[in-house]
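Colleague: I'm passing along run19.txt; it holds compact mmCIF, C-alpha atoms and all ligand atoms.
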# COMPACT_ATOMS: atom_id res chain seq x y z
CA MET A 1 0.49 -13.61 -2.34
CA THR A 2 1.14 -11.76 -5.58
CA THR A 3 2.48 -8.32 -6.48
CA ASN A 4 0.02 -7.88 -9.29
CA GLY A 5 -3.44 -6.92 -8.07
CA ALA A 6 -5.06 -7.87 -11.34
CA GLU A 7 -3.99 -11.47 -10.80
CA ILE A 8 -5.55 -11.76 -7.36
CA ASP A 9 -8.76 -13.72 -7.41
CA ARG A 10 -10.31 -13.98 -4.01
CA GLN A 11 -11.03 -17.56 -3.18
CA PRO A 12 -14.49 -17.97 -1.68
CA GLY A 13 -14.48 -16.77 1.93
CA LYS A 14 -10.96 -15.36 1.75
CA LEU A 15 -10.26 -11.87 3.07
CA ARG A 16 -8.03 -9.37 1.32
CA VAL A 17 -5.63 -7.79 3.80
CA GLY A 18 -3.26 -4.85 3.33
CA MET A 19 -0.62 -3.23 5.49
CA HIS A 20 1.21 0.05 4.97
CA TRP A 21 3.67 2.20 6.90
CA ALA A 22 3.96 5.97 6.85
CA SER A 23 5.85 8.00 9.50
CA SER A 24 6.97 5.11 11.69
CA CYS A 25 10.00 2.97 12.47
CA GLY A 26 8.94 -0.34 10.93
CA GLY A 27 8.28 -2.02 14.26
CA CYS A 28 4.55 -2.28 13.53
CA ASP A 29 5.26 -4.21 10.33
CA ILE A 30 7.48 -6.55 12.32
CA SER A 31 4.80 -6.93 15.01
CA LEU A 32 2.55 -8.65 12.47
CA LEU A 33 5.23 -11.35 12.23
CA GLU A 34 4.99 -11.77 16.01
CA ILE A 35 1.79 -13.69 15.55
CA GLY A 36 4.27 -16.45 14.65
CA GLU A 37 2.84 -19.69 13.36
CA HIS A 38 -0.60 -18.05 13.24
CA LEU A 39 0.65 -16.33 10.06
CA LEU A 40 0.13 -19.67 8.32
CA GLU A 41 -3.45 -19.76 9.60
CA LEU A 42 -3.93 -16.16 8.43
CA ILE A 43 -2.71 -16.97 4.94
CA GLU A 44 -5.20 -19.87 4.84
CA VAL A 45 -8.06 -17.40 5.21
CA ALA A 46 -6.64 -14.19 3.77
CA ASP A 47 -4.72 -12.96 0.73
CA ILE A 48 -2.15 -10.23 1.36
CA VAL A 49 -2.91 -7.72 -1.39
CA PHE A 50 -0.60 -4.88 -0.27
CA TRP A 51 2.37 -4.95 2.11
CA PRO A 52 5.33 -3.01 0.71
CA CYS A 53 7.56 -3.96 3.65
CA ALA A 54 7.19 -7.66 2.84
CA ALA A 55 6.88 -7.78 -0.95
CA ASP A 56 7.34 -5.58 -3.99
CA PHE A 57 3.88 -4.08 -4.20
CA LYS A 58 3.64 -0.81 -6.14
CA TYR A 59 1.35 2.10 -5.27
CA ARG A 60 0.00 1.65 -8.79
CA THR A 61 -1.14 -1.84 -7.80
CA VAL A 62 -3.42 -0.29 -5.20
CA ALA A 63 -4.58 2.52 -7.49
CA ASP A 64 -5.75 -0.13 -9.99
CA TYR A 65 -7.86 -1.96 -7.41
CA PRO A 66 -11.59 -1.19 -7.43
CA ASP A 67 -12.75 0.99 -4.51
CA GLY A 68 -13.38 -1.11 -1.39
CA TYR A 69 -11.29 -3.99 -2.78
CA ILE A 70 -9.19 -4.43 0.39
CA ASP A 71 -11.27 -5.91 3.23
CA VAL A 72 -8.94 -4.78 6.04
CA CYS A 73 -5.98 -2.42 5.80
CA LEU A 74 -3.65 -2.00 8.78
CA PHE A 75 -2.12 1.46 8.40
CA ASN A 76 0.81 2.20 10.69
CA GLY A 77 2.63 5.48 11.08
CA GLY A 78 1.56 9.08 11.34
CA ILE A 79 1.22 11.58 8.49
CA ARG A 80 4.35 13.71 8.06
CA SER A 81 4.59 14.15 4.30
CA SER A 82 2.48 14.64 1.20
CA GLU A 83 3.25 11.03 0.24
CA HIS A 84 1.82 9.77 3.53
CA GLU A 85 -1.35 11.77 2.98
CA ARG A 86 -1.70 10.56 -0.61
CA LEU A 87 -1.43 6.92 0.47
CA ALA A 88 -3.76 7.43 3.42
CA ARG A 89 -6.44 8.82 1.10
CA LEU A 90 -5.85 6.11 -1.50
CA LEU A 91 -5.99 3.28 1.03
CA ARG A 92 -9.10 4.75 2.65
CA ARG A 93 -10.83 4.64 -0.72
CA LYS A 94 -9.65 1.13 -1.54
CA SER A 95 -10.34 -0.39 1.90
CA ARG A 96 -13.65 -1.40 3.42
CA THR A 97 -12.07 -1.28 6.87
CA LEU A 98 -9.12 0.99 7.67
CA VAL A 99 -7.34 0.44 10.97
CA ALA A 100 -5.00 2.96 12.64
CA TYR A 101 -2.44 0.35 13.68
CA GLY A 102 -0.03 1.24 16.46
CA ALA A 103 0.81 4.34 18.47
CA CYS A 104 2.08 6.44 15.53
CA ALA A 105 -1.05 6.08 13.39
CA MET A 106 -3.28 6.47 16.45
CA ASP A 107 -1.56 9.21 18.48
CA GLY A 108 1.47 10.38 16.43
CA GLY A 109 3.88 8.15 18.38
CA ILE A 110 7.52 9.01 18.97
CA PRO A 111 7.87 10.83 15.58
CA ALA A 112 5.31 13.38 16.82
CA LEU A 113 7.75 14.54 19.51
CA ALA A 114 9.36 16.41 16.60
CA ASN A 115 6.25 18.61 16.69
CA LEU A 116 8.04 20.47 19.47
CA LYS A 117 10.44 21.79 16.82
CA SER A 118 9.74 23.76 13.66
CA PRO A 119 10.58 22.22 10.25
CA ARG A 120 13.39 24.79 9.97
CA GLU A 121 14.93 23.61 13.26
CA ILE A 122 14.61 19.98 12.15
CA TYR A 123 16.29 20.67 8.79
CA ASP A 124 19.07 22.64 10.50
CA ALA A 125 19.76 19.74 12.88
CA VAL A 126 19.48 16.96 10.30
CA TYR A 127 21.19 18.59 7.30
CA HIS A 128 23.52 21.21 8.77
CA SER A 129 24.51 21.15 12.45
CA ASN A 130 24.70 17.42 13.11
CA PRO A 131 28.37 16.81 14.07
CA THR A 132 28.59 13.55 12.11
CA LEU A 133 27.33 15.18 8.91
CA HIS A 134 29.32 15.96 5.74
CA ASN A 135 27.17 18.27 3.64
CA PRO A 136 29.51 20.91 2.13
CA GLY A 137 26.91 21.90 -0.48
CA HIS A 138 24.29 22.59 2.25
CA VAL A 139 21.89 20.33 0.36
CA GLU A 140 18.31 20.07 1.62
CA PRO A 141 15.41 17.94 0.37
CA LYS A 142 13.48 19.37 -2.59
CA THR A 143 9.96 18.75 -3.77
CA GLN A 144 10.86 19.07 -7.46
CA TRP A 145 13.85 17.74 -9.37
CA ALA A 146 14.66 17.98 -13.06
CA THR A 147 15.76 14.73 -14.71
CA PRO A 148 16.53 13.95 -18.37
CA LEU A 149 13.13 12.24 -18.46
CA GLY A 150 11.24 15.21 -17.06
CA GLU A 151 10.40 17.00 -13.80
CA LEU A 152 10.02 14.77 -10.73
CA ASP A 153 7.49 15.69 -8.04
CA LEU A 154 8.84 14.53 -4.68
CA PRO A 155 7.11 14.27 -1.28
CA GLY A 156 7.18 17.41 0.86
CA MET A 157 7.47 17.45 4.65
CA TYR A 158 4.48 18.79 6.57
CA PRO A 159 4.89 21.34 9.40
CA GLN A 160 3.92 18.70 11.96
CA VAL A 161 3.12 15.01 12.38
CA LEU A 162 -0.61 14.33 12.16
CA ARG A 163 -2.56 11.22 13.11
CA LEU A 164 -4.13 9.03 10.45
CA GLY A 165 -7.51 10.07 11.83
CA ASP A 166 -6.68 13.75 11.18
CA ILE A 167 -6.62 12.99 7.43
CA VAL A 168 -9.21 10.25 6.81
CA ASP A 169 -11.93 8.40 8.70
CA VAL A 170 -10.58 5.35 10.49
CA ASP A 171 -12.75 2.41 11.53
CA TYR A 172 -10.73 1.13 14.51
CA GLN A 173 -7.53 1.81 16.39
CA ILE A 174 -5.08 -0.82 17.64
CA PRO A 175 -2.72 0.73 20.21
CA GLY A 176 0.87 -0.16 21.06
CA CYS A 177 4.46 0.57 20.08
CA PRO A 178 4.21 -1.90 18.58
CA PRO A 179 0.92 -3.72 19.27
CA VAL A 180 1.50 -6.96 21.17
CA GLY A 181 1.39 -10.02 18.88
CA ALA A 182 -1.13 -11.96 20.99
CA GLN A 183 -3.54 -9.00 20.85
CA VAL A 184 -3.02 -8.56 17.11
CA TRP A 185 -3.90 -12.21 16.56
CA LYS A 186 -7.06 -11.82 18.67
CA VAL A 187 -8.12 -8.86 16.52
CA LEU A 188 -7.40 -10.71 13.27
CA GLN A 189 -9.39 -13.71 14.51
CA ALA A 190 -12.30 -11.39 15.32
CA VAL A 191 -12.07 -9.85 11.84
CA VAL A 192 -12.05 -13.28 10.18
CA ALA A 193 -15.04 -14.34 12.30
CA GLY A 194 -16.87 -11.05 11.61
CA GLU A 195 -16.95 -10.36 15.35
CA VAL A 196 -15.42 -6.88 15.50
CA PRO A 197 -17.49 -4.15 17.23
CA ALA A 198 -19.47 -1.61 15.27
CA ARG A 199 -17.16 0.70 13.37
CA ASN A 200 -16.19 3.86 15.15
CA SER A 201 -12.97 5.83 14.84
CA ALA A 202 -12.83 6.07 18.64
CA VAL A 203 -13.04 2.29 19.13
CA ARG A 204 -9.77 0.77 20.27
CA VAL A 205 -9.36 -2.95 19.78
CA GLY A 206 -6.55 -5.24 20.88
CA CYS A 207 -6.57 -3.67 24.35
CA ASP A 208 -9.04 -3.16 27.16
CA ASN A 209 -10.46 -0.29 29.14
CA ARG A 210 -8.36 -0.61 32.28
CA SER A 211 -4.92 0.85 32.98
CA VAL A 212 -1.56 -0.92 32.92
CA CYS A 213 -1.51 -0.60 36.73
CA ASP A 214 -4.68 -2.71 36.82
CA GLU A 215 -2.91 -5.65 35.22
CA CYS A 216 0.49 -5.09 36.82
CA PRO A 217 1.39 -7.67 39.50
CA ARG A 218 3.78 -5.35 41.40
CA GLU A 219 2.70 -4.56 44.97
CA LYS A 220 1.47 -1.07 45.91
CA ARG A 221 2.53 -0.24 49.45
CA LYS A 222 0.93 3.21 49.56
CA THR A 223 4.32 4.84 50.12
CA ARG A 224 4.89 8.39 48.92
CA ILE A 225 7.63 9.50 46.54
CA LYS A 226 10.36 11.69 48.00
CA ALA A 227 12.52 11.85 44.85
CA PHE A 228 12.54 10.56 41.27
CA LYS A 229 15.30 8.51 39.71
CA ARG A 230 16.06 7.33 36.19
CA PRO A 231 16.33 3.61 35.34
CA HIS A 232 20.15 3.65 35.14
CA MET A 233 20.47 5.17 38.64
CA ALA A 234 19.26 2.22 40.74
CA VAL A 235 18.19 -1.39 40.55
CA PRO A 236 14.48 -1.62 41.40
CA GLU A 237 13.34 -3.79 44.27
CA PRO A 238 11.51 -6.80 42.77
CA ASN A 239 7.72 -7.01 42.98
CA TRP A 240 7.25 -3.48 44.37
CA CYS A 241 5.54 -0.78 42.33
CA LEU A 242 8.20 1.06 40.33
CA LEU A 243 6.48 4.42 40.72
CA GLU A 244 6.45 4.10 44.49
CA GLN A 245 10.20 3.43 44.25
CA GLY A 246 10.63 6.76 42.42
CA PHE A 247 10.90 5.49 38.83
CA VAL A 248 8.58 7.40 36.50
CA CYS A 249 6.19 4.62 35.45
CA LEU A 250 3.20 5.71 33.34
CA GLY A 251 1.07 2.66 34.18
CA ALA A 252 -1.63 4.75 35.87
CA SER A 253 -2.37 6.84 32.78
CA THR A 254 -1.85 4.13 30.13
CA ARG A 255 -4.41 1.78 28.59
CA SER A 256 -3.94 -1.89 29.37
CA GLY A 257 -3.74 -4.75 26.90
CA CYS A 258 -0.03 -5.50 26.75
CA GLY A 259 -0.08 -7.61 29.91
CA ALA A 260 2.04 -5.02 31.77
CA GLN A 261 5.02 -6.56 30.03
CA CYS A 262 7.49 -3.76 30.86
CA PRO A 263 6.93 -3.62 34.67
CA LYS A 264 7.02 -7.42 34.68
CA ALA A 265 10.51 -7.12 33.12
CA GLU A 266 11.67 -4.51 35.72
CA MET A 267 11.16 -1.63 33.27
CA THR A 268 8.81 1.28 33.74
CA CYS A 269 5.76 1.59 31.50
CA ARG A 270 6.58 4.30 28.96
CA GLY A 271 2.94 4.68 27.94
CA CYS A 272 2.87 3.15 24.46
CA TYR A 273 -0.77 1.98 24.58
CA GLY A 274 -1.94 5.58 24.84
CA SER A 275 -4.13 7.19 27.40
CA ALA A 276 -6.34 5.08 29.64
CA GLY A 277 -10.03 5.67 30.22
CA LEU A 278 -11.74 8.63 28.65
CA SER A 279 -8.81 11.03 28.87
CA SER A 280 -7.19 11.93 25.57
CA ASP A 281 -4.36 13.75 27.30
CA GLN A 282 -2.04 11.17 28.78
CA GLY A 283 0.34 13.75 30.24
CA THR A 284 -2.16 15.65 32.33
CA ALA A 285 -3.68 12.35 33.49
CA MET A 286 -0.22 11.23 34.65
CA LEU A 287 0.51 14.56 36.32
CA SER A 288 -2.69 14.27 38.27
CA ALA A 289 -1.76 10.69 39.26
CA LEU A 290 1.65 11.95 40.41
CA GLY A 291 -0.01 14.66 42.49
CA SER A 292 -1.50 12.00 44.73
CA VAL A 293 1.75 10.08 45.34
CA ILE A 294 4.39 12.79 45.80
CA ASP A 295 5.53 13.35 49.38
CA ALA A 296 5.31 17.14 49.55
CA VAL A 297 3.22 19.40 51.73
CA THR A 298 4.14 22.67 50.04
CA GLU A 299 3.87 23.69 46.41
CA ASP A 300 7.57 24.59 46.33
CA ARG A 301 8.58 21.13 47.57
CA ALA A 302 6.23 19.46 45.02
CA ARG A 303 7.85 21.55 42.27
CA GLU A 304 11.33 20.51 43.45
CA VAL A 305 10.40 16.82 43.23
CA VAL A 306 8.71 17.15 39.82
CA ASP A 307 11.68 19.16 38.50
CA GLU A 308 13.78 16.02 38.94
CA ILE A 309 11.93 14.47 35.98
CA VAL A 310 14.15 14.90 32.95
CA ASP A 311 12.29 15.97 29.79
CA PRO A 312 8.73 15.95 31.23
CA THR A 313 7.05 16.54 27.84
CA GLY A 314 8.98 13.72 26.21
CA THR A 315 8.28 11.49 29.21
CA PHE A 316 4.56 12.11 29.61
CA TYR A 317 3.72 12.42 25.89
CA ARG A 318 6.33 10.04 24.46
CA PHE A 319 3.74 8.30 22.26
CA SER A 320 0.71 10.58 22.27
CA LEU A 321 1.70 14.20 21.68
CA ALA A 322 -0.40 14.47 18.49
CA SER A 323 -3.51 13.47 20.48
CA SER A 324 -2.77 15.76 23.42
CA ALA A 325 -3.93 19.27 24.17
CA LEU A 326 -0.38 20.40 23.25
CA LYS A 327 -0.30 18.72 19.78
CA ALA A 328 2.60 20.85 18.58
CA ARG A 329 4.62 23.92 19.37
CA ARG A 330 2.51 26.89 18.44
S1 LIG A 401 2.96 2.39 38.43
FE1 LIG A 401 4.00 0.91 37.08
S2 LIG A 401 4.98 -0.56 38.47
FE2 LIG A 401 3.45 0.57 39.67
S3 LIG A 401 1.61 -0.72 39.56
FE3 LIG A 401 1.48 0.79 37.89
S4 LIG A 401 2.36 -0.25 36.10
FE4 LIG A 401 3.00 -1.42 37.93
S1 LIG A 402 4.00 -1.68 29.81
FE1 LIG A 402 3.57 0.34 28.92
S2 LIG A 402 5.32 0.79 27.55
FE2 LIG A 402 5.38 -1.42 28.03
S3 LIG A 402 4.25 -2.38 26.31
FE3 LIG A 402 2.77 -2.02 27.97
S4 LIG A 402 1.84 0.00 27.52
FE4 LIG A 402 3.73 -0.18 26.29
Please re-express this file's structure in structure tokens.
Ligand code: SF4
Ligand code: SF4

Modeller:
Amino acid sequence: MTTNGAEIDRQPGKLRVGMHWASSCGGCDISLLEIGEHLLELIEVADIVFWPCAADFKYRTVADYPDGYIDVCLFNGGIRSSEHERLARLLRRKSRTLVAYGACAMDGGIPALANLKSPREIYDAVYHSNPTLHNPGHVEPKTQWATPLGELDLPGMYPQVLRLGDIVDVDYQIPGCPPVGAQVWKVLQAVVAGEVPARNSAVRVGCDNRSVCDECPREKRKTRIKAFKRPHMAVPEPNWCLLEQGFVCLGASTRSGCGAQCPKAEMTCRGCYGSAGLSSDQGTAMLSALGSVIDAVTEDRAREVVDEIVDPTGTFYRFSLASSALKARR
């Protein structure tokens, strides 16, 4: 690995791999480390030519690469600022294969829940009304700043979080918040072996086409839900479907691939692999799944039960608001 692109000479057969984060938490970068000892195998067959989280690569390093220089770039995070868009466009040009890596790049992820607020409301909360804040000068971020060396152009925040695919063409998507290490390794092995499917921005790899319920070992007893409860309100009965016990588990509307790791650990599926099947709207898919399991014969009673769900938008679209029919507050 080197921080100077000009020094990188690809050894015969070696891939050039890049990774970058935009509007995300950093978990996707860490998830690459979850392939564990396979990292050593990866480095045998690939040079890391851009990974700012791991080494001191400069944007200039990438700008100096010839177009198409990077064989595979894993881009995590959504697009929230002009800097994110600039890097997305640059990495698209420099990469032969660009992957939307993780829920934020693919569907907006948790940062896209801020699309329910206007930029003004976000600034007011973050820079003015937050009780732990000390900002007597009422300072807010600026996009220009005068320095003794000249005017600085700084990144500006966009009105809403966009997906990587809203800005540039992507070749594949790898879902998850973050993607599961075993699945990431499978995808990297396929890339190294040249066995990835034909490029298509809709193609999701590192997952499969079933739902989390399909790979969940918990028993379905065909019982109907009389009331919902939050995870801190009760200890779930082992081995019994969490949804049937009244915990809001999104397994029915979520794509499989993680091995149902949350329900196996007594936690509900929060939906991080994005919508299952052909639906792009995870929330409406889940609402329709709920409709068939709620114990209510009248519309009023059904509404009473559903009203027990705290923050329905945040619950049903926790990771996928930017891909939903809602997208943002209009
Ligand atoms: S709803 Fe949740 S707990 Fe029930 S089968 Fe599906 S994934 Fe498992
Ligand atoms: S069970 Fe659901 S929330 Fe948990 S990792 Fe899998 S898809 Fe994500």

Colleague: Could you please extract the residues within 9 Å of ligand LIG 401 (chain A), counting only C-alpha atoms and all ligand atoms, and hand them back as a PyMOL selection string?

Modeller: chain A and resi 211-220+239-245+247-254+260+262-264+266-269

Colleague: Let's have the selection written as a PDB file, in the coordinates of the input, with C-alpha atoms.

Modeller:
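See out38.pdb below for the written result:
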ATOM      1  CA  SER A 211      -4.920   0.850  32.980  1.00  0.00           C
ATOM      2  CA  VAL A 212      -1.560  -0.920  32.920  1.00  0.00           C
ATOM      3  CA  CYS A 213      -1.510  -0.600  36.730  1.00  0.00           C
ATOM      4  CA  ASP A 214      -4.680  -2.710  36.820  1.00  0.00           C
ATOM      5  CA  GLU A 215      -2.910  -5.650  35.220  1.00  0.00           C
ATOM      6  CA  CYS A 216       0.490  -5.090  36.820  1.00  0.00           C
ATOM      7  CA  PRO A 217       1.390  -7.670  39.500  1.00  0.00           C
ATOM      8  CA  ARG A 218       3.780  -5.350  41.400  1.00  0.00           C
ATOM      9  CA  GLU A 219       2.700  -4.560  44.970  1.00  0.00           C
ATOM     10  CA  LYS A 220       1.470  -1.070  45.910  1.00  0.00           C
ATOM     11  CA  ASN A 239       7.720  -7.010  42.980  1.00  0.00           C
ATOM     12  CA  TRP A 240       7.250  -3.480  44.370  1.00  0.00           C
ATOM     13  CA  CYS A 241       5.540  -0.780  42.330  1.00  0.00           C
ATOM     14  CA  LEU A 242       8.200   1.060  40.330  1.00  0.00           C
ATOM     15  CA  LEU A 243       6.480   4.420  40.720  1.00  0.00           C
ATOM     16  CA  GLU A 244       6.450   4.100  44.490  1.00  0.00           C
ATOM     17  CA  GLN A 245      10.200   3.430  44.250  1.00  0.00           C
ATOM     18  CA  PHE A 247      10.900   5.490  38.830  1.00  0.00           C
ATOM     19  CA  VAL A 248       8.580   7.400  36.500  1.00  0.00           C
ATOM     20  CA  CYS A 249       6.190   4.620  35.450  1.00  0.00           C
ATOM     21  CA  LEU A 250       3.200   5.710  33.340  1.00  0.00           C
ATOM     22  CA  GLY A 251       1.070   2.660  34.180  1.00  0.00           C
ATOM     23  CA  ALA A 252      -1.630   4.750  35.870  1.00  0.00           C
ATOM     24  CA  SER A 253      -2.370   6.840  32.780  1.00  0.00           C
ATOM     25  CA  THR A 254      -1.850   4.130  30.130  1.00  0.00           C
ATOM     26  CA  ALA A 260       2.040  -5.020  31.770  1.00  0.00           C
ATOM     27  CA  CYS A 262       7.490  -3.760  30.860  1.00  0.00           C
ATOM     28  CA  PRO A 263       6.930  -3.620  34.670  1.00  0.00           C
ATOM     29  CA  LYS A 264       7.020  -7.420  34.680  1.00  0.00           C
ATOM     30  CA  GLU A 266      11.670  -4.510  35.720  1.00  0.00           C
ATOM     31  CA  MET A 267      11.160  -1.630  33.270  1.00  0.00           C
ATOM     32  CA  THR A 268       8.810   1.280  33.740  1.00  0.00           C
ATOM     33  CA  CYS A 269       5.760   1.590  31.500  1.00  0.00           C
TER      34      CYS A 269
END

Colleague: Taking only C-alpha atoms into account, produce a table as a tab-separated table in which each residue of segment 85-169 of chain A with an atom at most 12 Å from an atom of segment 44-57 of chain A appears once, together with its shortest atom pair and the distance in Å to one decimal, ordered by chain and rising number.

Modeller:
residue	atom	partner	partner_atom	distance
A:Leu87	CA	A:Phe50	CA	11.9
A:Leu91	CA	A:Phe50	CA	9.9
A:Lys94	CA	A:Phe50	CA	10.9
A:Ser95	CA	A:Phe50	CA	10.9

Colleague: Can you work out which one of A:Leu40, A:Ala100, A:Ala289, A:Ala325 has the shortest atom-to-atom distance to Asp166 of chain A, counting only C-alpha atoms?

Modeller: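 Closest to Asp166 of chain A of all the choices is A:Ala100.
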
Colleague: Please provide the set of residues having any atom within 12 Å of Leu15 of chain A, restricted to only C-alpha atoms, with same-chain residues fewer than 4 positions apart removed, written as a PDB file with C-alpha atoms, in the frame of the given file.

Modeller:
ATOM      1  CA  ILE A   8      -5.550 -11.760  -7.360  1.00  0.00           C
ATOM      2  CA  ASP A   9      -8.760 -13.720  -7.410  1.00  0.00           C
ATOM      3  CA  ARG A  10     -10.310 -13.980  -4.010  1.00  0.00           C
ATOM      4  CA  GLN A  11     -11.030 -17.560  -3.180  1.00  0.00           C
ATOM      5  CA  LEU A  42      -3.930 -16.160   8.430  1.00  0.00           C
ATOM      6  CA  ILE A  43      -2.710 -16.970   4.940  1.00  0.00           C
ATOM      7  CA  GLU A  44      -5.200 -19.870   4.840  1.00  0.00           C
ATOM      8  CA  VAL A  45      -8.060 -17.400   5.210  1.00  0.00           C
ATOM      9  CA  ALA A  46      -6.640 -14.190   3.770  1.00  0.00           C
ATOM     10  CA  ASP A  47      -4.720 -12.960   0.730  1.00  0.00           C
ATOM     11  CA  ILE A  48      -2.150 -10.230   1.360  1.00  0.00           C
ATOM     12  CA  VAL A  49      -2.910  -7.720  -1.390  1.00  0.00           C
ATOM     13  CA  TYR A  69     -11.290  -3.990  -2.780  1.00  0.00           C
ATOM     14  CA  ILE A  70      -9.190  -4.430   0.390  1.00  0.00           C
ATOM     15  CA  ASP A  71     -11.270  -5.910   3.230  1.00  0.00           C
ATOM     16  CA  VAL A  72      -8.940  -4.780   6.040  1.00  0.00           C
ATOM     17  CA  CYS A  73      -5.980  -2.420   5.800  1.00  0.00           C
ATOM     18  CA  SER A  95     -10.340  -0.390   1.900  1.00  0.00           C
ATOM     19  CA  ARG A  96     -13.650  -1.400   3.420  1.00  0.00           C
ATOM     20  CA  THR A  97     -12.070  -1.280   6.870  1.00  0.00           C
ATOM     21  CA  LEU A 188      -7.400 -10.710  13.270  1.00  0.00           C
ATOM     22  CA  GLN A 189      -9.390 -13.710  14.510  1.00  0.00           C
ATOM     23  CA  VAL A 191     -12.070  -9.850  11.840  1.00  0.00           C
ATOM     24  CA  VAL A 192     -12.050 -13.280  10.180  1.00  0.00           C
ATOM     25  CA  ALA A 193     -15.040 -14.340  12.300  1.00  0.00           C
ATOM     26  CA  GLY A 194     -16.870 -11.050  11.610  1.00  0.00           C
TER      27      GLY A 194
END

Colleague: Report as AutoDock Vina command-line options the centre and the edge lengths, in Å to one decimal, of the axis-aligned box holding every listed atom of segment 258-277 of chain A, padded by 4 Å on each side.

Modeller:
--center_x 0.8 --center_y -0.2 --center_z 30.1 --size_x 29.7 --size_y 22.8 --size_z 19.3

Colleague: May I have the protein, DNA and RNA residues with an atom at most 8 Å from (-6.3, 0.3, 13.5), counting all atoms listed in the file in the file's coordinates, returned as a ChimeraX atom specification?

Modeller: /A:74-76,98-102,105-106,170-175,204-205

Colleague: What is the atom CA of Val310 of chain A to atom CA of Met286 of chain A distance in Å?

Modeller: 14.9 Å

Colleague: Taking all atoms listed in the file into account, name the residue in A:Pro312, A:Cys177, A:Phe319, A:Thr298 that is nearest to ligand LIG 402 (chain A).

Modeller: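 Closest residue, counting all atoms listed in the file: A:Cys177.
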
Colleague: For the point (4.8, 18.7, 45.7) in the file's frame, write as a list in words all residues with an atom no more than 12 Å away, counting all atoms listed in the file.

Modeller: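 Counting all atoms listed in the file, I find these residues within 12 Å of (4.8, 18.7, 45.7): Arg224, Ile225, Lys226, Ala227, Leu287, Ser288, Leu290, Gly291, Ser292, Val293, Ile294, Asp295, Ala296, Val297, Thr298, Glu299, Asp300, Arg301, Ala302, Arg303, Glu304, Val305, Val306, Asp307 and Glu308 of chain A.
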
Colleague: Create the file for the chosen residues now, containing C-alpha atoms and written as a PDB file, in the frame of the given file.

Modeller:
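The file below, again_7.pdb, is the result:
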ATOM      1  CA  ARG A 224       4.890   8.390  48.920  1.00  0.00           C
ATOM      2  CA  ILE A 225       7.630   9.500  46.540  1.00  0.00           C
ATOM      3  CA  LYS A 226      10.360  11.690  48.000  1.00  0.00           C
ATOM      4  CA  ALA A 227      12.520  11.850  44.850  1.00  0.00           C
ATOM      5  CA  LEU A 287       0.510  14.560  36.320  1.00  0.00           C
ATOM      6  CA  SER A 288      -2.690  14.270  38.270  1.00  0.00           C
ATOM      7  CA  LEU A 290       1.650  11.950  40.410  1.00  0.00           C
ATOM      8  CA  GLY A 291      -0.010  14.660  42.490  1.00  0.00           C
ATOM      9  CA  SER A 292      -1.500  12.000  44.730  1.00  0.00           C
ATOM     10  CA  VAL A 293       1.750  10.080  45.340  1.00  0.00           C
ATOM     11  CA  ILE A 294       4.390  12.790  45.800  1.00  0.00           C
ATOM     12  CA  ASP A 295       5.530  13.350  49.380  1.00  0.00           C
ATOM     13  CA  ALA A 296       5.310  17.140  49.550  1.00  0.00           C
ATOM     14  CA  VAL A 297       3.220  19.400  51.730  1.00  0.00           C
ATOM     15  CA  THR A 298       4.140  22.670  50.040  1.00  0.00           C
ATOM     16  CA  GLU A 299       3.870  23.690  46.410  1.00  0.00           C
ATOM     17  CA  ASP A 300       7.570  24.590  46.330  1.00  0.00           C
ATOM     18  CA  ARG A 301       8.580  21.130  47.570  1.00  0.00           C
ATOM     19  CA  ALA A 302       6.230  19.460  45.020  1.00  0.00           C
ATOM     20  CA  ARG A 303       7.850  21.550  42.270  1.00  0.00           C
ATOM     21  CA  GLU A 304      11.330  20.510  43.450  1.00  0.00           C
ATOM     22  CA  VAL A 305      10.400  16.820  43.230  1.00  0.00           C
ATOM     23  CA  VAL A 306       8.710  17.150  39.820  1.00  0.00           C
ATOM     24  CA  ASP A 307      11.680  19.160  38.500  1.00  0.00           C
ATOM     25  CA  GLU A 308      13.780  16.020  38.940  1.00  0.00           C
TER      26      GLU A 308
END

Colleague: Can you work out the spacing between atom CA of Pro178 of chain A and atom CA of Cys28 of chain A in Å, to one decimal?

Modeller: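 Atom CA of Cys28 of chain A lies 5.1 Å from atom CA of Pro178 of chain A.
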
Colleague: Between A:Val235, A:Tyr158, A:Arg318, A:Gln261, which residue has the minimum interatomic distance to Glu85 of chain A, considering all atoms listed in the file?

Modeller: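 Nearest to Glu85 of chain A: A:Tyr158.
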
Colleague: As an exercise, work out the distance from atom CA of Pro238 of chain A to atom CA of Glu34 of chain A in Å and give it to one decimal place.

Modeller: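 Those two atoms sit 28.0 Å apart.
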
Colleague: Counting all atoms listed in the file, figure out which residue out of A:Val184, A:Glu41, A:Arg120, A:Ala322 gets nearest to Lys14 of chain A.

Modeller: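 Nearest to Lys14 of chain A: A:Glu41.
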
Colleague: With distances taken over all atoms listed in the file, which of A:Asn200, A:Ala103, A:Lys186, A:Glu140 is nearest to ligand LIG 402 (chain A)?

Modeller: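 The shortest atom-to-atom distance to ligand LIG 402 (chain A) comes from A:Ala103.
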
Colleague: Counting all atoms listed in the file, which residue out of A:Gly246, A:Gly150, A:Pro197, A:Gly109 sits closest to ligand LIG 402 (chain A)?

Modeller: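 Checking each of A:Gly246, A:Gly150, A:Pro197, A:Gly109 against ligand LIG 402 (chain A), counting all atoms listed in the file, the winner is A:Gly109.
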